[in-house]
file final_29.txt (compact mmCIF, C-alpha atoms)
# COMPACT_ATOMS: atom_id res chain seq x y z
CA MET A 1 83.80 185.23 27.66
CA HIS A 2 86.28 182.71 29.07
CA ARG A 3 85.07 180.10 26.55
CA TYR A 4 85.89 182.43 23.69
CA ALA A 5 89.31 183.10 25.16
CA ALA A 6 89.86 179.37 25.56
CA PHE A 7 88.91 178.84 21.93
CA VAL A 8 91.46 181.45 20.77
CA LEU A 9 94.16 180.01 23.00
CA ALA A 10 93.43 176.54 21.68
CA LEU A 11 93.93 177.71 18.10
CA ALA A 12 97.19 179.39 19.05
CA PHE A 13 98.30 176.24 20.83
CA VAL A 14 97.60 174.20 17.70
CA ALA A 15 99.69 176.57 15.58
CA VAL A 16 102.67 176.30 17.92
CA LEU A 17 102.57 172.51 18.00
CA GLN A 18 101.98 171.82 14.32
CA GLN A 19 105.48 170.43 13.96
CA SER A 20 105.20 168.12 17.01
CA HIS A 21 105.38 164.36 16.69
CA GLY A 22 102.18 162.36 17.03
CA THR A 23 101.18 159.53 19.33
CA GLU A 24 101.59 156.15 17.63
CA VAL A 25 99.93 153.05 19.05
CA ASN A 26 99.86 149.42 17.92
CA VAL A 27 97.17 147.34 19.62
CA THR A 28 97.56 143.57 19.29
CA ASP A 29 95.15 140.71 19.90
CA SER A 30 95.64 137.64 22.11
CA LYS A 31 97.79 136.07 19.38
CA GLY A 32 100.10 139.06 19.17
CA LYS A 33 98.78 140.23 15.80
CA LEU A 34 98.04 143.87 15.06
CA CYS A 35 94.31 144.53 15.35
CA LEU A 36 94.13 148.32 15.75
CA TYR A 37 96.57 151.01 14.64
CA ALA A 38 96.60 154.71 15.48
CA ASN A 39 98.92 157.63 14.85
CA LEU A 40 97.35 160.94 15.77
CA MET A 41 97.78 164.30 17.45
CA VAL A 42 95.34 165.65 20.03
CA ASN A 43 95.46 169.00 21.81
CA PHE A 44 93.32 169.77 24.82
CA SER A 45 92.10 173.10 26.18
CA VAL A 46 90.40 172.70 29.56
CA THR A 47 88.69 175.42 31.61
CA TYR A 48 88.35 174.54 35.30
CA GLU A 49 87.56 176.20 38.62
CA ILE A 50 90.41 177.32 40.85
CA THR A 51 90.47 178.53 44.42
CA GLY A 52 88.79 181.87 44.92
CA ASN A 53 85.77 180.94 42.79
CA LYS A 54 87.64 181.81 39.58
CA ASN A 55 88.28 179.95 36.32
CA SER A 56 91.55 179.07 34.67
CA THR A 57 92.35 177.52 31.29
CA VAL A 58 95.23 175.16 30.52
CA GLU A 59 96.38 173.69 27.21
CA PHE A 60 98.28 170.47 26.81
CA GLN A 61 98.93 167.79 24.21
CA LEU A 62 98.36 164.06 24.15
CA PRO A 63 101.88 162.82 24.95
CA ALA A 64 103.82 160.43 22.79
CA GLU A 65 104.19 158.03 25.72
CA VAL A 66 100.81 156.51 26.55
CA LYS A 67 99.47 153.17 27.77
CA SER A 68 97.08 151.30 25.47
CA ASN A 69 96.77 147.99 27.33
CA THR A 70 93.08 148.65 28.11
CA SER A 71 92.21 148.98 24.41
CA GLU A 72 89.94 146.31 22.95
CA CYS A 73 89.59 144.55 19.60
CA GLY A 74 86.51 142.63 18.54
CA ALA A 75 84.85 141.39 15.37
CA THR A 76 82.24 144.18 15.25
CA SER A 77 83.36 146.63 17.95
CA ALA A 78 86.69 148.02 19.06
CA MET A 79 88.01 150.66 21.44
CA LEU A 80 91.23 152.64 21.35
CA LYS A 81 91.93 153.76 24.92
CA LEU A 82 95.01 155.78 25.80
CA ASP A 83 95.92 156.33 29.45
CA PHE A 84 98.42 159.06 30.25
CA GLY A 85 99.66 161.35 33.00
CA GLU A 86 98.18 161.18 36.48
CA GLY A 87 94.77 159.62 35.89
CA HIS A 88 93.90 160.99 32.44
CA SER A 89 92.55 158.94 29.50
CA TRP A 90 91.32 159.46 25.95
CA SER A 91 89.33 156.86 24.01
CA MET A 92 87.55 156.33 20.70
CA ASN A 93 84.97 153.59 20.15
CA PHE A 94 84.42 151.93 16.75
CA THR A 95 81.69 149.70 15.33
CA VAL A 96 81.25 147.86 12.03
CA SER A 97 78.40 148.96 9.76
CA GLY A 98 78.08 146.72 6.70
CA GLU A 99 81.24 146.94 4.60
CA ALA A 100 82.53 149.94 6.55
CA TYR A 101 83.31 151.02 10.09
CA GLN A 102 82.75 154.22 12.03
CA ALA A 103 83.74 156.00 15.23
CA ASP A 104 80.79 156.29 17.58
CA VAL A 105 82.09 158.35 20.48
CA ILE A 106 85.19 160.09 21.80
CA ALA A 107 85.57 160.19 25.59
CA PHE A 108 88.12 162.27 27.49
CA SER A 109 88.59 161.87 31.24
CA TYR A 110 90.80 164.27 33.16
CA ASN A 111 91.85 164.21 36.79
CA LEU A 112 91.56 167.64 38.39
CA GLY A 113 93.57 166.29 41.30
CA ASP A 114 96.66 166.39 39.06
CA LYS A 115 98.02 169.68 40.39
CA THR A 116 100.84 169.72 37.87
CA THR A 117 98.44 169.84 34.95
CA PHE A 118 95.67 171.74 36.79
CA PRO A 119 97.40 174.07 39.27
CA ASN A 120 95.28 175.54 42.08
CA SER A 121 92.31 173.37 41.09
CA ALA A 122 89.40 173.68 43.52
CA SER A 123 88.43 170.05 42.89
CA ASN A 124 90.10 166.65 42.99
CA ALA A 125 87.38 164.94 40.98
CA THR A 126 87.78 163.17 37.65
CA SER A 127 85.57 164.68 34.94
CA THR A 128 84.57 163.03 31.67
CA VAL A 129 83.28 164.60 28.46
CA SER A 130 81.91 162.58 25.55
CA MET A 131 81.56 163.80 22.00
CA LYS A 132 80.22 162.35 18.77
CA PRO A 133 82.81 162.47 15.96
CA HIS A 134 81.70 162.59 12.35
CA ILE A 135 83.82 159.61 11.27
CA THR A 136 81.59 157.32 9.24
CA GLY A 137 81.76 155.20 6.12
CA VAL A 138 85.41 154.16 6.53
CA THR A 139 85.88 151.25 4.15
CA MET A 140 87.01 148.04 5.83
CA ASP A 141 90.72 147.26 5.47
CA THR A 142 91.55 150.94 4.96
CA CYS A 143 93.01 153.59 7.23
CA TYR A 144 91.01 156.68 8.13
CA SER A 145 93.16 159.72 7.41
CA CYS A 146 92.52 163.35 8.37
CA LYS A 147 95.41 165.80 8.25
CA SER A 148 93.14 168.82 8.72
CA ASN A 149 92.46 170.34 12.13
CA VAL A 150 89.10 169.21 13.50
CA MET A 151 87.93 170.79 16.76
CA PHE A 152 85.42 169.25 19.15
CA GLU A 153 83.96 171.93 21.39
CA SER A 154 82.06 171.66 24.67
CA ASN A 155 81.43 173.98 27.60
CA SER A 156 84.71 173.41 29.39
CA VAL A 157 86.82 171.27 27.05
CA ASN A 158 88.01 171.80 23.49
CA GLN A 159 89.80 168.98 21.69
CA THR A 160 91.65 169.48 18.41
CA LEU A 161 92.62 166.44 16.33
CA TRP A 162 94.91 166.53 13.32
CA ASN A 163 97.38 164.34 11.45
CA VAL A 164 95.09 161.42 12.26
CA LEU A 165 95.75 157.97 10.79
CA ILE A 166 93.67 155.17 12.31
CA GLN A 167 92.77 151.67 11.23
CA ALA A 168 90.33 149.67 13.31
CA PHE A 169 89.51 146.01 12.61
CA VAL A 170 92.88 145.15 11.03
CA SER A 171 92.22 141.80 9.39
CA ASN A 172 95.61 140.53 8.23
CA GLY A 173 97.85 141.62 11.07
CA SER A 174 99.38 144.54 9.16
CA LYS A 175 98.31 148.12 8.55
CA SER A 176 96.69 148.79 5.18
CA ASP A 177 98.22 151.17 2.66
CA ARG A 178 94.78 152.17 1.39
CA ILE A 179 93.27 155.40 2.70
CA THR A 180 89.77 156.72 3.38
CA SER A 181 90.21 160.50 3.67
CA CYS A 182 88.05 162.83 5.73
CA SER A 183 85.96 165.38 3.84
CA ALA A 184 88.10 168.24 5.15
CA ASP A 185 91.12 166.82 3.29
CA VAL A 186 89.30 166.38 -0.02
CA PRO A 187 90.20 169.34 -2.28
CA THR A 188 87.38 171.36 -3.77
CA THR A 189 87.41 172.17 -7.48
CA THR A 190 87.18 175.86 -8.33
CA VAL A 191 86.29 177.13 -11.80
CA THR A 192 88.39 180.03 -13.10
CA PRO A 193 86.17 182.68 -14.70
CA THR A 194 86.83 183.41 -18.37
CA THR A 195 86.59 187.02 -19.61
CA HIS A 196 85.60 187.59 -23.24
CA ALA A 197 86.62 190.96 -24.74
CA PRO A 198 84.07 192.62 -27.06
CA SER A 199 85.04 192.32 -30.77
CA THR A 200 83.54 195.61 -31.95
CA THR A 201 86.05 197.95 -30.30
CA THR A 202 89.81 198.06 -30.80
CA ALA A 203 91.67 199.35 -27.78
CA ALA A 204 95.20 200.71 -27.67
CA PRO A 205 97.67 198.18 -26.25
CA VAL A 206 98.68 198.60 -22.63
CA THR A 207 102.14 197.53 -21.54
CA ASN A 208 102.76 195.55 -18.31
CA ALA A 209 99.06 195.51 -17.37
CA THR A 210 96.97 192.57 -16.21
CA THR A 211 93.27 192.43 -16.95
CA THR A 212 91.12 190.60 -14.39
CA ALA A 213 87.44 190.03 -14.34
CA PRO A 214 85.55 191.88 -11.59
CA PRO A 215 84.43 189.56 -8.79
CA THR A 216 80.83 188.47 -8.90
CA THR A 217 78.69 187.98 -5.82
CA THR A 218 76.33 185.05 -5.80
CA PRO A 219 73.34 185.71 -3.57
CA THR A 220 72.74 183.12 -0.86
CA PRO A 221 69.60 181.18 -1.81
CA THR A 222 66.72 181.26 0.65
CA LEU A 223 66.29 177.87 2.25
CA PRO A 224 62.85 176.28 2.14
CA THR A 225 61.12 175.43 5.39
CA PRO A 226 62.70 172.16 6.57
CA SER A 227 60.64 168.98 6.45
CA VAL A 228 59.16 167.79 9.73
CA GLY A 229 60.46 164.44 10.95
CA ASN A 230 58.64 162.17 13.39
CA TYR A 231 60.86 160.11 15.68
CA THR A 232 60.06 157.37 18.18
CA ILE A 233 62.23 155.59 20.75
CA LYS A 234 61.01 152.37 22.35
CA ASN A 235 61.97 150.57 25.53
CA ASN A 236 61.02 146.87 25.43
CA GLU A 237 58.58 147.53 22.56
CA THR A 238 56.92 150.34 24.52
CA VAL A 239 57.18 153.89 23.19
CA CYS A 240 59.06 156.00 25.75
CA LEU A 241 60.14 159.06 23.74
CA LEU A 242 58.39 161.03 21.00
CA ALA A 243 59.76 163.90 18.95
CA SER A 244 58.42 165.77 15.94
CA PHE A 245 60.10 168.81 14.42
CA GLY A 246 61.78 170.43 11.45
CA LEU A 247 65.36 171.55 12.06
CA ARG A 248 67.81 174.00 10.53
CA ILE A 249 71.41 174.31 11.65
CA GLY A 250 73.51 177.47 11.50
CA VAL A 251 77.27 176.93 11.59
CA LYS A 252 80.06 179.51 11.84
CA GLN A 253 83.46 178.32 10.61
CA GLY A 254 86.02 181.07 10.69
CA ASP A 255 84.50 184.12 9.02
CA LYS A 256 81.93 182.07 7.11
CA TYR A 257 78.40 181.45 8.36
CA GLU A 258 76.27 178.81 6.69
CA GLU A 259 72.80 177.39 7.29
CA MET A 260 71.55 173.96 6.30
CA ASN A 261 68.28 172.11 6.71
CA PHE A 262 68.36 168.79 8.52
CA GLU A 263 67.15 166.23 5.98
CA THR A 264 64.61 163.74 7.27
CA ASN A 265 64.85 161.32 4.34
CA GLY A 266 67.10 158.42 5.29
CA THR A 267 67.56 159.67 8.85
CA THR A 268 67.83 157.00 11.54
CA ALA A 269 66.76 157.53 15.14
CA ASN A 270 68.36 155.81 18.13
CA GLY A 271 68.28 156.55 21.82
CA SER A 272 67.43 155.43 25.31
CA CYS A 273 64.93 156.22 28.04
CA GLY A 274 65.66 156.42 31.75
CA VAL A 275 64.00 157.62 34.90
CA ASP A 276 65.94 160.88 35.10
CA SER A 277 67.43 161.21 31.61
CA SER A 278 66.58 160.23 28.04
CA GLU A 279 68.56 160.53 24.82
CA LEU A 280 67.68 160.88 21.15
CA GLU A 281 70.32 160.48 18.45
CA LEU A 282 69.48 161.43 14.86
CA THR A 283 71.85 160.44 12.06
CA SER A 284 71.51 161.67 8.49
CA SER A 285 73.93 161.40 5.59
CA THR A 286 75.76 164.58 6.66
CA VAL A 287 74.82 165.35 10.27
CA VAL A 288 74.68 163.56 13.63
CA MET A 289 72.64 165.17 16.43
CA MET A 290 72.50 164.01 20.05
CA PHE A 291 69.74 165.39 22.31
CA LYS A 292 69.85 164.70 26.06
CA PHE A 293 66.78 165.39 28.20
CA THR A 294 66.71 165.45 32.00
CA ASN A 295 63.98 165.84 34.60
CA ASP A 296 63.70 166.67 38.29
CA SER A 297 60.46 164.67 38.76
CA LYS A 298 58.40 167.81 38.13
CA LYS A 299 59.81 169.44 34.98
CA PHE A 300 61.76 168.07 32.03
CA ARG A 301 64.05 170.05 29.75
CA LEU A 302 66.60 169.71 26.96
CA HIS A 303 69.84 169.66 28.94
CA ALA A 304 72.49 168.94 26.30
CA LEU A 305 72.84 169.04 22.52
CA ASN A 306 75.84 167.94 20.47
CA ILE A 307 75.98 168.23 16.68
CA SER A 308 78.65 167.11 14.22
CA GLY A 309 78.50 167.20 10.47
CA THR A 310 79.87 168.43 7.18
CA THR A 311 79.26 171.68 5.35
CA SER A 312 80.83 173.13 2.20
CA SER A 313 83.58 174.51 4.48
CA GLY A 314 84.44 171.13 6.01
CA VAL A 315 83.75 169.21 9.20
CA PHE A 316 82.19 170.94 12.19
CA VAL A 317 81.51 169.82 15.76
CA GLY A 318 79.73 171.83 18.43
CA GLY A 319 77.36 171.63 21.33
CA ASN A 320 76.36 172.64 24.81
CA THR A 321 75.92 170.47 27.90
CA ASN A 322 74.28 173.09 30.11
CA LEU A 323 71.01 173.99 28.40
CA THR A 324 67.56 174.71 29.81
CA LEU A 325 65.30 174.52 26.76
CA TRP A 326 61.91 173.00 25.89
CA GLU A 327 60.82 172.87 29.52
CA ALA A 328 57.46 171.36 30.47
CA SER A 329 55.83 169.30 33.23
CA VAL A 330 56.67 165.60 33.35
CA GLY A 331 53.74 163.69 31.88
CA SER A 332 52.99 166.40 29.33
CA SER A 333 54.66 167.34 26.05
CA TYR A 334 56.35 170.57 24.98
CA MET A 335 55.10 172.21 21.79
CA CYS A 336 56.13 175.27 19.79
CA ASN A 337 54.70 175.60 16.29
CA LYS A 338 56.28 178.95 15.51
CA GLU A 339 59.85 179.21 14.26
CA GLN A 340 62.38 179.49 17.08
CA ASN A 341 66.15 179.95 17.05
CA TYR A 342 68.54 179.05 19.85
CA THR A 343 72.21 180.01 20.23
CA ILE A 344 73.76 176.70 21.29
CA SER A 345 77.35 177.94 21.26
CA SER A 346 79.43 180.71 19.73
CA THR A 347 79.61 178.71 16.48
CA LEU A 348 76.29 176.87 16.44
CA THR A 349 72.64 177.98 16.11
CA LEU A 350 69.58 175.72 16.02
CA PHE A 351 66.30 176.69 14.34
CA THR A 352 63.14 174.68 15.07
CA PHE A 353 59.82 174.46 13.19
CA ASP A 354 56.57 172.80 14.35
CA LEU A 355 58.29 171.39 17.42
CA GLN A 356 56.75 168.88 19.81
CA VAL A 357 58.72 166.61 22.15
CA GLN A 358 57.95 164.30 25.04
CA PRO A 359 60.96 162.44 26.47
CA PHE A 360 59.21 161.12 29.61
CA GLY A 361 55.83 159.72 30.60
CA VAL A 362 54.58 158.73 27.14
CA LYS A 363 51.28 156.85 27.33
CA LYS A 364 49.77 154.65 24.60
CA GLY A 365 52.41 155.82 22.13
CA VAL A 366 50.96 159.32 21.61
CA PHE A 367 51.80 162.81 22.80
CA SER A 368 50.21 163.92 26.06
CA THR A 369 48.58 167.34 26.51
CA ALA A 370 51.03 169.95 25.29
CA GLU A 371 52.42 172.96 27.11
CA ASP A 372 52.82 175.60 24.42
CA CYS A 373 55.87 177.82 24.22
CA GLN A 374 53.60 180.91 24.10
CA SER A 375 51.75 180.04 27.30
CA GLY A 376 54.61 181.27 29.45
CA ALA A 377 54.72 184.57 27.60
CA GLU A 378 50.95 184.92 27.82
CA SER A 379 50.91 184.16 31.57
CA PHE A 380 53.59 186.79 31.99
CA LEU A 381 51.67 189.41 30.00
CA VAL A 382 48.36 188.97 31.86
CA PRO A 383 49.54 190.39 35.21
CA ILE A 384 51.31 193.19 33.40
CA ALA A 385 48.12 194.11 31.56
CA VAL A 386 46.08 193.95 34.79
CA GLY A 387 48.63 196.10 36.56
CA VAL A 388 48.64 198.70 33.81
CA ALA A 389 44.82 198.78 33.81
CA LEU A 390 44.76 199.29 37.59
CA LEU A 391 47.36 202.05 37.33
CA VAL A 392 45.32 203.85 34.68
CA LEU A 393 42.19 203.48 36.81
CA ILE A 394 43.97 204.92 39.84
CA LEU A 395 45.21 207.87 37.77
CA ILE A 396 41.68 208.52 36.49
CA VAL A 397 40.26 208.45 40.03
CA LEU A 398 42.97 210.79 41.32
CA LEU A 399 42.49 213.13 38.37
CA ALA A 400 38.71 213.19 38.95
CA TYR A 401 39.30 213.82 42.65
CA PHE A 402 41.58 216.80 42.06
CA ILE A 403 39.30 218.27 39.39
CA GLY A 404 36.26 217.91 41.70
CA ARG A 405 38.14 219.42 44.61
CA LYS A 406 39.29 222.35 42.50
CA ARG A 407 35.73 223.03 41.41
CA ASN A 408 34.46 222.81 44.99
CA MET A 409 37.07 225.28 46.14
CA ALA A 410 36.17 227.65 43.31
CA THR A 411 32.47 227.39 44.22
CA GLY A 412 33.29 228.14 47.87
CA TYR A 413 35.18 231.33 46.90
CA GLU A 414 32.28 232.52 44.74
CA SER A 415 29.80 231.91 47.58
CA PHE A 416 31.94 233.86 49.98
call {"tool": "encode", "arguments": {"input": "final_29.txt", "output": "structure tokens"}}
result
Amino acid sequence: MHRYAAFVLALAFVAVLQQSHGTEVNVTDSKGKLCLYANLMVNFSVTYEITGNKNSTVEFQLPAEVKSNTSECGATSAMLKLDFGEGHSWSMNFTVSGEAYQADVIAFSYNLGDKTTFPNSASNATSTVSMKPHITGVTMDTCYSCKSNVMFESNSVNQTLWNVLIQAFVSNGSKSDRITSCSADVPTTTVTPTTHAPSTTTAAPVTNATTTAPPTTTPTPTLPTPSVGNYTIKNNETVCLLASFGLRIGVKQGDKYEEMNFETNGTTANGSCGVDSSELELTSSTVVMMFKFTNDSKKFRLHALNISGTTSSGVFVGGNTNLTLWEASVGSSYMCNKEQNYTISSTLTLFTFDLQVQPFGVKKGVFSTAEDCQSGAESFLVPIAVGVALLVLILIVLLAYFIGRKRNMATGYESF
């Protein structure tokens, strides 16, 4: 409930600060030439634990006065890092991809020991959240522009960016006047319906009246079953993670809910494998998905999922970093062939089809013996069925006993 309240407060906070001035930064290289430019506005909504085992939510804005001396410029990678307040920082990493560049990750670190920003905090630790922005295909020597509000949501932190103007990899020492706009800023073309009056009937003229066509409702087409994609992650040429599934994503933006199949054609898979955690990142033309698996040496599970993408309503970002899904023993795989749906957050739903994953203990590049999603339900139903059968048997025995006793008593009375 507190996450929903935080979301509402964040939106209200954005509305109040729409007229605020942004944070402008000029990052220069060793020769003093401009290599990275940014002018943006960021609002934060952070939910944290306070004394008394309660939660509190604060909202604040990226200040105009920041330090950017730890930012970096390179030929193929760059980082905009903004330090502010008492131990807080916000950064965005960029990489070159062909004739364009993209933002790979946004990281926000906040110091809960800052009692001015986080009053009554029960912790003095510094927490960090990382999110995958959907900023791709920015043409080199152009500025990325996004005036629309774009919210990045996680369990405890919501970030809202707007009035963003960024140019990474500045080549000539001066900011470009050319713009690559985000999809949320691109206007959509609407077709005005035309009403044709029938020519066979002459109607009396009506003064000061406006004739409008009745609205038509277009039924939402049924989506086909999504294609199954097969994904492999290697560590030193050895397969360490396997995944096979079809995916559908449900997104709620405002009052509109929309579902879309995750397209496997052209999708690229990246990731990493570790002892305790493994990651799988899937990137299609419209969606980026980041899966994080963890294990406790006995069981593995999907622990975090972050999704960003574009729908007909604009850009969306959502996720959850506290999941317990797709759980199975380490050294085996998890499988669920039937359609499943999972509520990832208040605005995001994931549907899976013909799912099988193994993020740890892959041998010879193939899935190990699978633990099926129905096995848990079946193992739960067996004792229930046995218990019910025993209860029925006990009732039958008791009923037979009382009937027999009643007959014996009746026979005794007759004999007497």
call {"tool": "closest_residue", "arguments": {"input": "final_29.txt", "among": "A:Leu305, A:Val58, A:Met131, A:Cys143", "to": "Ala100 of chain A", "atoms": "all atoms listed in the file"}}
result
A:Cys143
call {"tool": "residues_around", "arguments": {"input": "final_29.txt", "residues": "segment 53-55 of chain A", "least_positions_apart": "5", "cutoff": "10 Å", "atoms": "all atoms listed in the file", "output": "ChimeraX atom specification"}}
result
/A:2,47-48,121-122
call {"tool": "write_last_selection", "arguments": {"input": "final_29.txt", "atoms": "C-alpha atoms", "output": "mmCIF file, in the coordinates of the input"}}
result
data_model
loop_
_atom_site.group_PDB
_atom_site.id
_atom_site.type_symbol
_atom_site.label_atom_id
_atom_site.label_comp_id
_atom_site.auth_asym_id
_atom_site.auth_seq_id
_atom_site.Cartn_x
_atom_site.Cartn_y
_atom_site.Cartn_z
ATOM 1 C CA HIS A 2 86.280 182.710 29.070
ATOM 2 C CA THR A 47 88.690 175.420 31.610
ATOM 3 C CA TYR A 48 88.350 174.540 35.300
ATOM 4 C CA SER A 121 92.310 173.370 41.090
ATOM 5 C CA ALA A 122 89.400 173.680 43.520
#
call {"tool": "closest_atom_pairs", "arguments": {"input": "final_29.txt", "of": "segment 45-85 of chain A", "to": "segment 32-40 of chain A", "cutoff": "12 Å", "atoms": "all atoms listed in the file", "output": "CSV"}}
result
residue,atom,partner,partner_atom,distance
A:Gln61,CA,A:Leu40,CA,11.0
A:Leu62,CA,A:Leu40,CA,9.0
A:Pro63,CA,A:Leu40,CA,10.4
A:Ala64,CA,A:Leu40,CA,9.6
A:Val66,CA,A:Asn39,CA,11.9
A:Ser68,CA,A:Ala38,CA,10.6
A:Asn69,CA,A:Leu36,CA,11.9
A:Ser71,CA,A:Leu36,CA,8.9
A:Glu72,CA,A:Leu36,CA,8.6
A:Cys73,CA,A:Cys35,CA,6.4
A:Gly74,CA,A:Cys35,CA,8.6
A:Ala75,CA,A:Cys35,CA,10.0
A:Ser77,CA,A:Leu36,CA,11.1
A:Ala78,CA,A:Leu36,CA,8.1
A:Met79,CA,A:Leu36,CA,8.7
A:Leu80,CA,A:Leu36,CA,7.6
A:Lys81,CA,A:Ala38,CA,10.6
A:Leu82,CA,A:Ala38,CA,10.5
call {"tool": "closest_residue", "arguments": {"input": "final_29.txt", "among": "A:Thr347, A:Thr232, A:Asn120, A:Asn295", "to": "Thr324 of chain A", "atoms": "all atoms listed in the file"}}
result
A:Asn295
call {"tool": "atom_distance", "arguments": {"input": "final_29.txt", "atom1": "atom CA of Ile249 of chain A", "atom2": "atom CA of Thr352 of chain A"}}
result
9.0 Å
call {"tool": "closest_residue", "arguments": {"input": "final_29.txt", "among": "A:Asn43, A:His134, A:Asp296, A:Asn236", "to": "Leu161 of chain A", "atoms": "all atoms listed in the file"}}
result
A:Asn43
call {"tool": "closest_residue", "arguments": {"input": "final_29.txt", "among": "A:Asn163, A:Asn111, A:Ser183, A:Thr294", "to": "Ala125 of chain A", "atoms": "all atoms listed in the file"}}
result
A:Asn111
call {"tool": "atom_distance", "arguments": {"input": "final_29.txt", "atom1": "atom CA of Asn93 of chain A", "atom2": "atom CA of Asn320 of chain A"}}
result
21.4 Å
call {"tool": "atom_distance", "arguments": {"input": "final_29.txt", "atom1": "atom CA of Asp104 of chain A", "atom2": "atom CA of Pro133 of chain A"}}
result
6.7 Å
call {"tool": "closest_atom_pairs", "arguments": {"input": "final_29.txt", "of": "segment 292-357 of chain A", "to": "segment 172-182 of chain A", "cutoff": "12 Å", "atoms": "only C-alpha atoms", "output": "Markdown table"}}
result
| residue | atom | partner | partner_atom | distance |
| --- | --- | --- | --- | --- |
| A:Gly309 | CA | A:Cys182 | CA | 11.5 |
| A:Thr310 | CA | A:Cys182 | CA | 10.0 |
| A:Gly314 | CA | A:Cys182 | CA | 9.1 |
| A:Val315 | CA | A:Cys182 | CA | 8.4 |
| A:Phe316 | CA | A:Cys182 | CA | 11.9 |
call {"tool": "closest_residue", "arguments": {"input": "final_29.txt", "among": "A:Ala184, A:Val357, A:Leu223, A:Leu112", "to": "Ile135 of chain A", "atoms": "all atoms listed in the file"}}
result
A:Ala184
call {"tool": "closest_residue", "arguments": {"input": "final_29.txt", "among": "A:Val392, A:Leu355, A:Ala103, A:Val275", "to": "Val330 of chain A", "atoms": "all atoms listed in the file"}}
result
A:Val275
call {"tool": "build_atoms", "arguments": {"input": "final_29.txt", "residues": "segment 171-175 of chain A", "atoms": "all heavy atoms", "output": "PDB file, in the coordinates of the input"}}
result
ATOM      1  N   SER A 171      92.595 143.203   9.625  1.00  0.00           N
ATOM      2  CA  SER A 171      92.220 141.800   9.390  1.00  0.00           C
ATOM      3  C   SER A 171      93.410 140.876   9.138  1.00  0.00           C
ATOM      4  O   SER A 171      93.357 139.696   9.424  1.00  0.00           O
ATOM      5  CB  SER A 171      91.254 141.716   8.197  1.00  0.00           C
ATOM      6  OG  SER A 171      91.868 142.242   7.026  1.00  0.00           O
ATOM      7  N   ASN A 172      94.507 141.418   8.607  1.00  0.00           N
ATOM      8  CA  ASN A 172      95.610 140.530   8.230  1.00  0.00           C
ATOM      9  C   ASN A 172      96.857 140.729   9.075  1.00  0.00           C
ATOM     10  O   ASN A 172      97.935 140.266   8.721  1.00  0.00           O
ATOM     11  CB  ASN A 172      95.952 140.733   6.749  1.00  0.00           C
ATOM     12  CG  ASN A 172      96.301 142.184   6.448  1.00  0.00           C
ATOM     13  OD1 ASN A 172      96.312 143.023   7.343  1.00  0.00           O
ATOM     14  ND2 ASN A 172      96.584 142.470   5.184  1.00  0.00           N
ATOM     15  N   GLY A 173      96.716 141.432  10.180  1.00  0.00           N
ATOM     16  CA  GLY A 173      97.850 141.620  11.070  1.00  0.00           C
ATOM     17  C   GLY A 173      98.796 142.712  10.663  1.00  0.00           C
ATOM     18  O   GLY A 173      99.817 142.925  11.334  1.00  0.00           O
ATOM     19  N   SER A 174      98.514 143.435   9.581  1.00  0.00           N
ATOM     20  CA  SER A 174      99.380 144.540   9.160  1.00  0.00           C
ATOM     21  C   SER A 174      98.527 145.705   8.685  1.00  0.00           C
ATOM     22  O   SER A 174      97.452 145.518   8.112  1.00  0.00           O
ATOM     23  CB  SER A 174     100.333 144.099   8.041  1.00  0.00           C
ATOM     24  OG  SER A 174      99.599 143.672   6.911  1.00  0.00           O
ATOM     25  N   LYS A 175      99.031 146.904   8.903  1.00  0.00           N
ATOM     26  CA  LYS A 175      98.310 148.120   8.550  1.00  0.00           C
ATOM     27  C   LYS A 175      98.151 148.225   7.038  1.00  0.00           C
ATOM     28  O   LYS A 175      99.077 147.945   6.270  1.00  0.00           O
ATOM     29  CB  LYS A 175      99.053 149.341   9.086  1.00  0.00           C
ATOM     30  CG  LYS A 175      98.413 150.685   8.765  1.00  0.00           C
ATOM     31  CD  LYS A 175      99.130 151.811   9.472  1.00  0.00           C
ATOM     32  CE  LYS A 175     100.532 151.990   8.943  1.00  0.00           C
ATOM     33  NZ  LYS A 175     100.549 152.533   7.567  1.00  0.00           N
TER      34      LYS A 175
END
